[in-house]
>>> print(open('upload25.txt').read())   # compact mmCIF, C-alpha atoms
# COMPACT_ATOMS: atom_id res chain seq x y z
CA MET O 247 178.95 104.23 67.22
CA GLU O 248 175.50 104.79 65.70
CA LYS O 249 173.58 108.03 66.27
CA VAL O 250 170.05 109.18 65.34
CA LYS O 251 168.92 112.78 65.86
CA MET O 252 165.58 114.44 65.04
CA GLU O 253 163.23 117.32 65.92
CA VAL O 254 160.29 116.11 68.08
CA GLY O 255 158.79 119.11 69.90
CA GLU O 256 158.54 119.80 73.62
CA ALA O 257 156.40 116.85 74.75
CA PRO O 258 156.71 113.81 72.48
CA THR O 259 155.66 110.27 73.42
CA VAL O 260 158.62 107.89 73.28
CA ASN O 261 157.82 104.17 73.06
CA ILE O 262 160.85 101.96 73.71
CA GLU O 263 160.04 98.38 72.79
CA SER O 264 163.23 96.58 73.79
CA ILE O 265 166.81 97.40 74.80
CA GLY O 266 169.30 94.54 74.75
CA GLY O 267 171.74 96.10 77.22
CA ASP O 268 171.65 99.12 79.53
CA LEU O 269 169.33 102.07 78.94
CA ARG O 270 170.10 105.65 79.87
CA LEU O 271 167.44 108.36 79.47
CA SER O 272 168.43 111.99 80.04
CA GLY O 273 166.10 114.98 79.78
CA ARG O 274 167.28 118.20 78.11
CA ASN O 275 165.75 121.65 77.75
CA ASP O 276 165.30 121.54 73.99
CA THR O 277 163.02 119.98 71.37
CA GLN O 278 165.37 117.38 69.91
CA PHE O 279 165.56 113.62 70.33
CA GLU O 280 168.94 111.89 70.12
CA ALA O 281 169.73 108.18 70.47
CA GLN O 282 173.19 106.60 70.53
CA ALA O 283 174.26 102.96 70.37
CA PRO O 284 177.83 101.57 70.45
CA GLU O 285 177.30 99.22 67.47
CA LYS O 286 176.18 100.16 63.96
CA GLY O 287 173.01 98.41 62.80
CA SER O 288 171.74 97.70 66.31
CA LEU O 289 169.55 100.84 66.67
CA ASN O 290 166.15 101.41 65.04
CA VAL O 291 164.22 104.68 65.51
CA GLU O 292 160.94 105.55 63.78
CA GLN O 293 158.99 108.81 63.98
CA ASP O 294 155.27 109.39 63.34
CA ASP O 295 154.46 113.03 64.12
CA ASN O 296 155.19 113.35 67.87
CA GLN O 297 155.33 109.56 68.42
CA ILE O 298 158.81 108.00 68.57
CA SER O 299 159.45 104.22 68.54
CA VAL O 300 162.85 102.82 69.57
CA THR O 301 164.41 99.34 69.59
CA CYS O 302 168.07 98.53 70.18
CA ARG O 303 169.88 95.19 70.34
CA SER O 304 172.66 96.65 72.49
CA GLY O 305 172.82 99.30 75.20
CA CYS O 306 171.36 102.70 74.33
CA LEU O 307 171.82 106.32 75.45
CA ILE O 308 168.85 108.61 74.71
CA PHE O 309 168.58 112.37 75.14
CA LEU O 310 165.04 113.77 74.92
CA PRO O 311 163.00 116.85 75.92
CA VAL O 312 162.28 117.12 79.65
CA GLY O 313 158.52 117.04 78.95
CA ALA O 314 158.63 113.75 77.01
CA ARG O 315 156.32 110.93 78.08
CA VAL O 316 158.20 107.62 78.14
CA GLU O 317 156.85 104.06 77.88
CA VAL O 318 159.29 101.13 77.98
CA GLU O 319 158.49 97.47 77.41
CA GLN O 320 161.77 95.75 78.29
CA VAL O 321 165.35 96.61 79.29
CA GLY O 322 167.78 93.70 79.41
CA GLY O 323 170.36 95.40 81.65
CA ASP O 324 170.31 98.39 83.99
CA ALA O 325 168.22 101.52 83.45
CA ARG O 326 168.94 105.09 84.52
CA VAL O 327 166.50 107.97 84.09
CA THR O 328 167.44 111.60 84.84
CA GLY O 329 165.70 114.94 84.44
CA LEU O 330 162.24 114.07 83.03
CA THR O 331 159.16 115.92 84.30
CA ASN O 332 156.47 113.89 82.52
CA GLU O 333 155.34 110.36 83.32
CA VAL O 334 157.75 107.42 83.01
CA MET O 335 156.38 103.86 82.69
CA MET O 336 158.44 100.67 82.34
CA LYS O 337 157.35 97.04 82.37
CA THR O 338 160.57 95.10 82.89
CA VAL O 339 164.10 96.13 83.90
CA GLY O 340 166.42 93.14 84.11
CA GLY O 341 169.05 94.83 86.27
CA ASP O 342 169.16 97.87 88.56
CA LEU O 343 167.05 101.00 88.12
CA SER O 344 168.21 104.53 89.03
CA LEU O 345 165.86 107.54 89.00
CA ARG O 346 166.83 111.15 89.65
CA ARG O 347 164.77 114.31 89.19
CA VAL O 348 161.80 112.62 87.54
CA GLY O 349 158.02 112.96 87.61
CA ARG O 350 155.42 110.29 88.26
CA SER O 351 157.01 106.87 87.70
CA THR O 352 155.44 103.41 87.34
CA PHE O 353 157.20 100.05 86.93
CA GLU O 354 156.14 96.40 86.92
CA LEU O 355 159.34 94.44 87.53
CA ILE O 356 162.86 95.48 88.56
CA GLY O 357 165.18 92.49 88.69
CA GLY O 358 167.90 94.20 90.72
CA ASP O 359 167.98 97.20 93.04
CA LEU O 360 166.02 100.45 92.92
CA TYR O 361 167.52 103.84 93.76
CA ALA O 362 165.24 106.89 93.40
CA ARG O 363 165.99 110.46 94.44
CA LYS O 364 163.86 113.58 93.92
CA VAL O 365 160.65 112.13 92.51
CA ASP O 366 157.98 114.81 91.91
CA GLY O 367 154.93 112.55 91.91
CA ASP O 368 153.89 109.03 92.79
CA LEU O 369 156.38 106.14 92.67
CA THR O 370 154.87 102.70 92.00
CA VAL O 371 156.65 99.37 91.53
CA ASP O 372 154.97 95.96 91.54
CA ARG O 373 158.08 93.88 92.26
CA ILE O 374 161.74 94.59 93.14
CA GLY O 375 164.16 91.67 93.28
CA GLY O 376 166.84 93.39 95.36
CA ASP O 377 167.06 96.38 97.72
CA ALA O 378 165.21 99.68 97.35
CA VAL O 379 166.22 103.21 98.34
CA ALA O 380 163.90 106.18 97.73
CA GLU O 381 164.64 109.72 98.91
CA LYS O 382 162.67 112.97 98.62
CA VAL O 383 159.45 111.68 97.06
CA GLU O 384 156.73 114.32 96.69
CA GLY O 385 153.89 111.85 96.35
CA ASP O 386 152.75 108.35 97.26
CA VAL O 387 155.12 105.37 97.32
CA ARG O 388 153.75 101.92 96.48
CA LEU O 389 156.42 99.22 96.40
CA ARG O 390 154.25 96.13 96.52
CA ALA O 391 157.04 93.54 96.91
CA VAL O 392 160.68 94.29 97.81
CA GLY O 393 162.88 91.21 97.96
CA GLY O 394 165.71 92.78 99.97
CA ASP O 395 165.95 95.75 102.34
CA LEU O 396 164.15 99.09 102.05
CA VAL O 397 165.18 102.65 102.93
CA LEU O 398 162.63 105.47 102.50
CA HIS O 399 163.69 109.02 103.39
CA LYS O 400 161.47 112.13 103.26
CA VAL O 401 158.28 110.74 101.73
CA THR O 402 155.33 113.16 101.89
CA GLY O 403 152.51 110.89 100.71
CA LEU O 404 151.27 107.49 101.79
CA VAL O 405 153.45 104.37 101.76
CA GLU O 406 152.28 100.87 100.86
CA THR O 407 154.95 98.17 100.80
CA THR O 408 155.85 94.61 101.75
CA VAL O 409 159.56 94.09 102.39
CA GLY O 410 161.36 90.75 102.64
CA GLY O 411 164.25 92.15 104.69
CA ASP O 412 164.69 95.16 106.97
CA ALA O 413 162.98 98.54 106.51
CA SER O 414 164.16 102.01 107.56
CA LEU O 415 161.60 104.80 107.08
CA THR O 416 161.39 108.56 107.48
CA LEU O 417 157.82 109.60 106.75
CA SER O 418 155.85 112.87 106.66
CA PRO O 419 152.32 111.60 105.96
CA SER O 420 149.70 114.01 104.65
CA ALA O 421 146.23 114.23 106.19
CA GLU O 422 143.73 111.51 105.25
CA THR O 423 146.42 109.14 103.91
CA HIS O 424 146.63 105.49 104.96
CA SER O 425 150.11 103.91 105.00
CA VAL O 426 150.81 100.18 105.45
CA VAL O 427 154.34 98.75 105.83
CA HIS O 428 155.11 95.06 106.41
CA ALA O 429 158.77 94.05 106.94
CA GLY O 430 159.99 90.48 107.23
CA GLY O 431 162.96 91.61 109.33
CA ASP O 432 163.43 94.65 111.58
CA LEU O 433 161.62 97.94 111.02
CA SER O 434 162.73 101.43 112.05
CA CYS O 435 160.45 104.43 111.48
CA ARG O 436 160.85 108.11 112.29
CA LEU O 437 158.07 110.71 112.09
CA PRO O 438 158.27 114.54 112.31
CA GLU O 439 157.64 116.33 115.59
CA ASP O 440 154.34 117.80 114.37
CA VAL O 441 152.94 114.58 112.91
CA SER O 442 149.17 114.06 113.11
CA ALA O 443 148.48 110.34 112.84
CA SER O 444 146.91 107.26 114.36
CA ILE O 445 149.56 104.53 114.41
CA THR O 446 149.18 100.78 114.87
CA VAL O 447 152.31 98.66 115.37
CA HIS O 448 152.91 94.92 115.59
CA ALA O 449 156.19 92.99 115.78
CA GLY O 450 157.42 89.44 116.23
CA GLY O 451 160.29 90.74 118.35
CA ASP O 452 160.74 93.74 120.61
CA ILE O 453 158.92 97.06 120.23
CA ALA O 454 160.30 100.47 121.24
CA LEU O 455 157.87 103.41 121.22
CA PRO O 456 157.96 107.01 122.49
CA SER O 457 157.46 106.93 126.25
CA ASP O 458 155.05 109.87 126.49
CA VAL O 459 152.10 108.53 124.44
CA GLU O 460 148.93 106.76 125.53
CA ARG O 461 148.47 103.40 123.85
CA GLU O 462 145.81 100.76 123.46
CA ASP O 463 146.49 97.05 122.95
CA THR O 464 144.17 95.19 120.56
CA ASP O 465 144.24 91.94 118.58
CA GLU O 466 145.72 93.86 115.63
CA GLY O 467 148.57 95.32 117.70
CA THR O 468 149.26 98.44 119.73
CA THR O 469 147.55 101.68 118.66
CA PHE O 470 148.28 105.24 119.75
CA ARG O 471 147.50 108.76 118.53
CA LEU O 472 149.77 111.68 117.78
CA GLY O 473 148.28 115.16 117.29
CA ASP O 474 144.79 115.11 115.75
CA ALA O 475 145.37 111.70 114.10
CA GLU O 476 144.59 112.99 110.59
CA ALA O 477 146.59 110.19 108.89
CA THR O 478 146.68 106.46 109.68
CA ILE O 479 149.81 104.29 109.68
CA GLU O 480 150.13 100.50 110.11
CA LEU O 481 153.60 99.10 110.80
CA SER O 482 154.45 95.42 111.27
CA ALA O 483 157.79 93.63 111.51
CA GLY O 484 158.83 90.00 111.73
CA GLY O 485 161.71 91.11 113.95
CA ASN O 486 162.11 94.19 116.13
CA LEU O 487 160.33 97.50 115.62
CA TRP O 488 161.49 101.01 116.59
CA LEU O 489 159.42 104.16 116.28
CA ARG O 490 160.74 107.66 116.97
CA VAL O 491 159.16 111.11 116.74
CA GLY O 492 161.29 114.17 116.00
CA LYS O 493 164.88 114.44 114.84
CA GLY O 494 167.73 112.35 116.18
CA GLU O 495 171.46 112.07 115.79
CA VAL O 496 171.13 109.82 112.72
CA ASP O 497 169.66 112.74 110.70
CA TYR O 498 173.18 114.10 110.31
CA ALA O 499 174.33 110.82 108.74
CA GLU O 500 171.33 110.75 106.39
CA ASP O 501 172.07 114.27 105.14
CA ILE O 502 175.66 113.24 104.42
CA VAL O 503 174.57 110.10 102.55
CA GLY O 504 172.06 112.09 100.48
CA SER O 505 174.53 114.80 99.49
CA VAL O 506 177.27 112.29 98.66
CA MET O 507 174.93 110.19 96.49
CA GLY O 508 173.67 113.30 94.70
CA GLU O 509 177.22 114.38 93.93
CA LEU O 510 178.05 110.88 92.66
CA ASP O 511 175.07 111.00 90.27
CA GLY O 512 176.21 114.33 88.83
CA ARG O 513 179.82 113.23 88.41
CA LEU O 514 178.75 109.95 86.83
CA ALA O 515 176.65 111.77 84.22
CA GLU O 516 179.55 114.08 83.38
CA MET O 517 181.96 111.13 83.16
CA GLU O 518 179.73 109.19 80.76
CA ALA O 519 179.27 112.26 78.55
CA ARG O 520 183.05 112.64 78.31
CA PHE O 521 183.46 108.92 77.55
CA ASN O 522 181.03 109.14 74.63
CA ALA O 523 182.57 112.35 73.30
CA ILE O 524 186.11 110.96 73.45
CA GLY O 525 185.14 107.59 71.99
CA ALA O 526 183.02 108.85 69.07
CA GLY O 527 184.27 107.19 65.90
CA MET O 528 186.86 105.05 67.70
CA TYR O 529 186.06 101.39 67.12
CA ALA O 530 188.24 100.10 69.96
CA PHE O 531 186.85 102.49 72.58
CA ASP O 532 183.94 100.90 74.47
CA ALA O 533 182.38 103.77 76.44
CA GLU O 534 179.34 101.65 77.31
CA ARG O 535 181.46 98.97 78.98
CA ILE O 536 183.43 101.52 81.01
CA GLY O 537 180.27 103.38 81.99
CA ALA O 538 178.61 100.13 83.10
CA ARG O 539 181.59 99.31 85.30
CA VAL O 540 181.45 102.77 86.93
CA ARG O 541 177.68 102.47 87.50
CA ARG O 542 178.09 99.09 89.19
CA SER O 543 180.66 100.58 91.57
CA VAL O 544 178.35 103.49 92.39
CA ALA O 545 175.43 101.08 92.94
CA ARG O 546 177.51 99.07 95.41
CA ALA O 547 178.41 102.27 97.26
CA ARG O 548 174.73 103.23 97.44
CA ARG O 549 173.74 99.86 98.88
CA LYS O 550 176.52 99.97 101.48
CA ALA O 551 175.63 103.53 102.51
CA ALA O 552 171.93 102.72 102.82
CA LYS O 553 172.56 99.60 104.88
CA ALA O 554 175.08 101.44 107.09
CA GLN O 555 172.42 104.10 107.71
CA SER O 556 169.85 101.44 108.64
CA ARG O 557 172.26 99.75 111.04
CA ALA O 558 173.12 103.09 112.64
CA GLU O 559 169.42 103.75 113.28
CA LYS O 560 169.07 100.36 114.98
CA ARG O 561 172.12 100.96 117.18
CA VAL O 562 170.81 104.33 118.33
CA ALA O 563 167.39 102.85 119.13
CA ARG O 564 168.90 99.95 121.09
CA ARG O 565 171.09 102.27 123.13
CA LYS O 566 168.19 104.54 123.96
CA ARG O 567 166.19 101.59 125.26
CA GLY O 568 168.96 100.63 127.65
CA ARG O 569 170.13 97.11 128.50
CA THR O 570 166.72 95.80 129.61
CA ILE O 571 164.26 95.33 126.75
CA THR O 572 160.97 96.51 128.17
CA PHE O 573 157.92 97.73 126.35
CA GLY O 574 156.99 101.37 126.92
CA THR O 575 159.59 102.39 129.51
CA SER O 576 161.13 105.85 129.55
CA GLU O 577 164.21 106.17 127.36
CA PRO O 578 167.55 106.62 129.14
CA GLN O 579 169.81 109.41 127.92
CA THR O 580 172.82 108.47 125.81
CA PRO O 581 176.07 109.64 127.45
CA LYS O 582 177.18 112.97 126.01
CA VAL O 583 180.75 111.85 125.33
CA SER O 584 179.53 108.98 123.09
CA GLU O 585 177.29 111.32 121.06
CA ASP O 586 180.17 113.76 120.52
CA GLU O 587 182.42 110.92 119.37
CA ARG O 588 179.84 109.68 116.89
CA LEU O 589 179.30 113.15 115.44
CA ALA O 590 183.06 113.55 115.08
CA VAL O 591 183.17 110.34 113.02
CA LEU O 592 180.33 111.57 110.80
CA ARG O 593 182.05 114.89 110.21
CA MET O 594 185.20 113.03 109.12
CA LEU O 595 183.04 111.08 106.67
CA GLU O 596 181.54 114.32 105.31
CA LYS O 597 184.99 115.82 104.72
CA GLY O 598 186.20 112.66 102.98
CA THR O 599 188.86 111.93 105.61
CA ILE O 600 187.49 108.38 106.03
CA SER O 601 185.38 106.09 103.84
CA VAL O 602 181.84 104.87 104.54
CA GLU O 603 183.19 101.46 105.57
CA GLU O 604 185.74 103.01 107.93
CA ALA O 605 183.04 105.22 109.47
CA GLU O 606 180.81 102.22 109.98
CA LYS O 607 183.58 100.33 111.77
CA LEU O 608 184.26 103.29 114.05
CA LEU O 609 180.57 103.71 114.86
CA ARG O 610 180.29 100.00 115.59
CA SER O 611 183.25 100.15 117.97
CA LEU O 612 181.75 103.16 119.78
CA GLY O 613 178.44 101.31 120.09
CA SER O 614 180.15 98.29 121.67
CA GLU O 615 181.53 100.47 124.46
CA ALA O 616 178.07 101.34 125.77
>>> encode(input="upload25.txt", output="C-alpha cells")
Amino acid sequence: MEKVKMEVGEAPTVNIESIGGDLRLSGRNDTQFEAQAPEKGSLNVEQDDNQISVTCRSGCLIFLPVGARVEVEQVGGDARVTGLTNEVMMKTVGGDLSLRRVGRSTFELIGGDLYARKVDGDLTVDRIGGDAVAEKVEGDVRLRAVGGDLVLHKVTGLVETTVGGDASLTLSPSAETHSVVHAGGDLSCRLPEDVSASITVHAGGDIALPSDVEREDTDEGTTFRLGDAEATIELSAGGNLWLRVGKGEVDYAEDIVGSVMGELDGRLAEMEARFNAIGAGMYAFDAERIGARVRRSVARARRKAAKAQSRAEKRVARRKRGRTITFGTSEPQTPKVSEDERLAVLRMLEKGTISVEEAEKLLRSLGSEA
C-alpha cells in the first residue's frame, strides 16, 4: 500500500486528473489531506500552496477536509463521494457514482448508475448511462439524459430531465420554478398537499389525475392549477402517467428504503475503513478488490429497491383507478383489508423479517387479488 499525507488547510482545491480504478472521496473535520493506493508507485500527489494535484494508475482512497473544492477529470471505475460541503465537479466516471452528504455537484458523464442522497445544493449531470436515484436534494436537479429508469424523492427545487425508461417522482417545487420531465416509459409523480403549481401533462398511454381539479385540454396536453399556481410543471410520458397530490400508502415504503440505504452507506464506509486498517502492509491482502465487491452488491440492492418502489407506486395508482381506464373519473377506495395486508408486509421488511425481493413478491400477490 502507498500513502501520502500532508497539511492543506480547511478549504483546499483538489484537482484529480485521472484515476485508473475506483475513486473514494471522504470528507473529514480536519486540515489534512491523505491519499492511499493499493500499489506502490501508482500514486502521484503534488502540492502548490492550497492547490493539490492527484493522479493514480490504480484505485484511490482520499480523505480531505470537508470544505475542499474538488475537480476530477476522469475516473476509470466507480466513484463514491461522502461528506463534502464545497462544490464537487467531475467530467467522466466510467462506472457507478454514489453521493452522500455533499454540496453542489456537477458531472458530465456517468457510464453506470447514479445514487445521490442528501445533496445540499444543485445536482447537475449531462448524461447517465444507467439508472438514477436521487433523494433529499435541497436544490435544483438537472439530469439531461438518463438512459435507464429514474427515481427522485424529496426534491425542493426545479427538475429538468429526459429519461429513457420509467420515472417515479416526489417533488416539492418552490415558487417561480419551472420543471420539465420527459419519460420514454411510464411516469408517476406525487406532489405535496399544499403545492402551488400549474401543471401540464401529456402521455402516449393512459392518464390518471386527481378527480377534484378543473382541467383544460390544449394541443400541448392537459393543464390544471393547484393552489395559486406559483410554480410550473410539465410532465410527459411515452407510456402511462399517474399524478397524485398528498401522501399515500407508498410513503411508508419509501421511508423504509431511504433508512435502509442510509444504514448500508454507513456500514459500507466502516467496513472499508477496517479493510484498509487490517490490510496495511500486507501484500496479499487486497482491500480494494473486497471493497469493490461489497459496493457492487450494495449498488444492486439499491437498484432493486428503487425499482420495487416504482412498481409499487404503479400498482397503487392502477388499483385506485379501478378496472375501467377512464380519464378524470373519481377514484374508487381501495379495500381496507388489502391496505392492512400491504402495510403488514412493509413492516416485516422494516424489521428485517423478509428481504426486499420477498416483500415485492408478497405485494405483487396481494395486488393480483384485487
>>> closest_residue(input="upload25.txt", among="O:Val441, O:Leu398, O:Ala378, O:Ala283", to="Ala477 of chain O", atoms="only C-alpha atoms")
O:Val441
>>> residues_around(input="upload25.txt", residues="His424 of chain O", least_positions_apart="2", cutoff="8 Å", atoms="all atoms listed in the file", output="list in words")
Leu404, Val405, Glu422, Val426, Ala477, Thr478, Ile479 and Glu480 of chain O
>>> residues_around(input="upload25.txt", residues="Ala449 of chain O", least_positions_apart="2", cutoff="12 Å", atoms="all atoms listed in the file", output="MDAnalysis selection string")
chainID O and resid 427:434 446:447 451:455 466:468 480:489 573
>>> atom_distance(input="upload25.txt", atom1="atom CA of Gln293 of chain O", atom2="atom CA of Asp342 of chain O")
28.8 Å
>>> closest_residue(input="upload25.txt", among="O:Glu317, O:Glu263, O:Asp412, O:Glu280", to="Lys251 of chain O", atoms="only C-alpha atoms")
O:Glu280
>>> residues_near_point(input="upload25.txt", point="(159.7, 115.8, 114.3)", cutoff="8 Å", atoms="all atoms listed in the file", output="list in words")
Leu437, Pro438, Glu439, Asp440, Val441, Val491, Gly492 and Lys493 of chain O
>>> write_last_selection(input="upload25.txt", atoms="C-alpha atoms", output="tab-separated table (two decimals), in the coordinates of the input")
chain	number	residue	atom	x	y	z
O	437	LEU	CA	158.07	110.71	112.09
O	438	PRO	CA	158.27	114.54	112.31
O	439	GLU	CA	157.64	116.33	115.59
O	440	ASP	CA	154.34	117.80	114.37
O	441	VAL	CA	152.94	114.58	112.91
O	491	VAL	CA	159.16	111.11	116.74
O	492	GLY	CA	161.29	114.17	116.00
O	493	LYS	CA	164.88	114.44	114.84
>>> residues_around(input="upload25.txt", residues="segment 469-476 of chain O", least_positions_apart="6", cutoff="7 Å", atoms="all atoms listed in the file", output="VMD selection string")
chain O and resid 421 to 422 441 to 447 459 to 463
>>> closest_residue(input="upload25.txt", among="O:Pro284, O:Pro456, O:Gly375, O:Gly266", to="Ala325 of chain O", atoms="all atoms listed in the file")
O:Gly266
>>> closest_residue(input="upload25.txt", among="O:Cys435, O:Met247, O:Val327, O:Ile356", to="Leu269 of chain O", atoms="all atoms listed in the file")
O:Val327
>>> axis_aligned_box(input="upload25.txt", around="segment 279-295 of chain O", padding_each_side="6 Å", output="JSON")
{"center_x": 166.1, "center_y": 105.7, "center_z": 66.7, "size_x": 35.4, "size_y": 27.9, "size_z": 19.7}
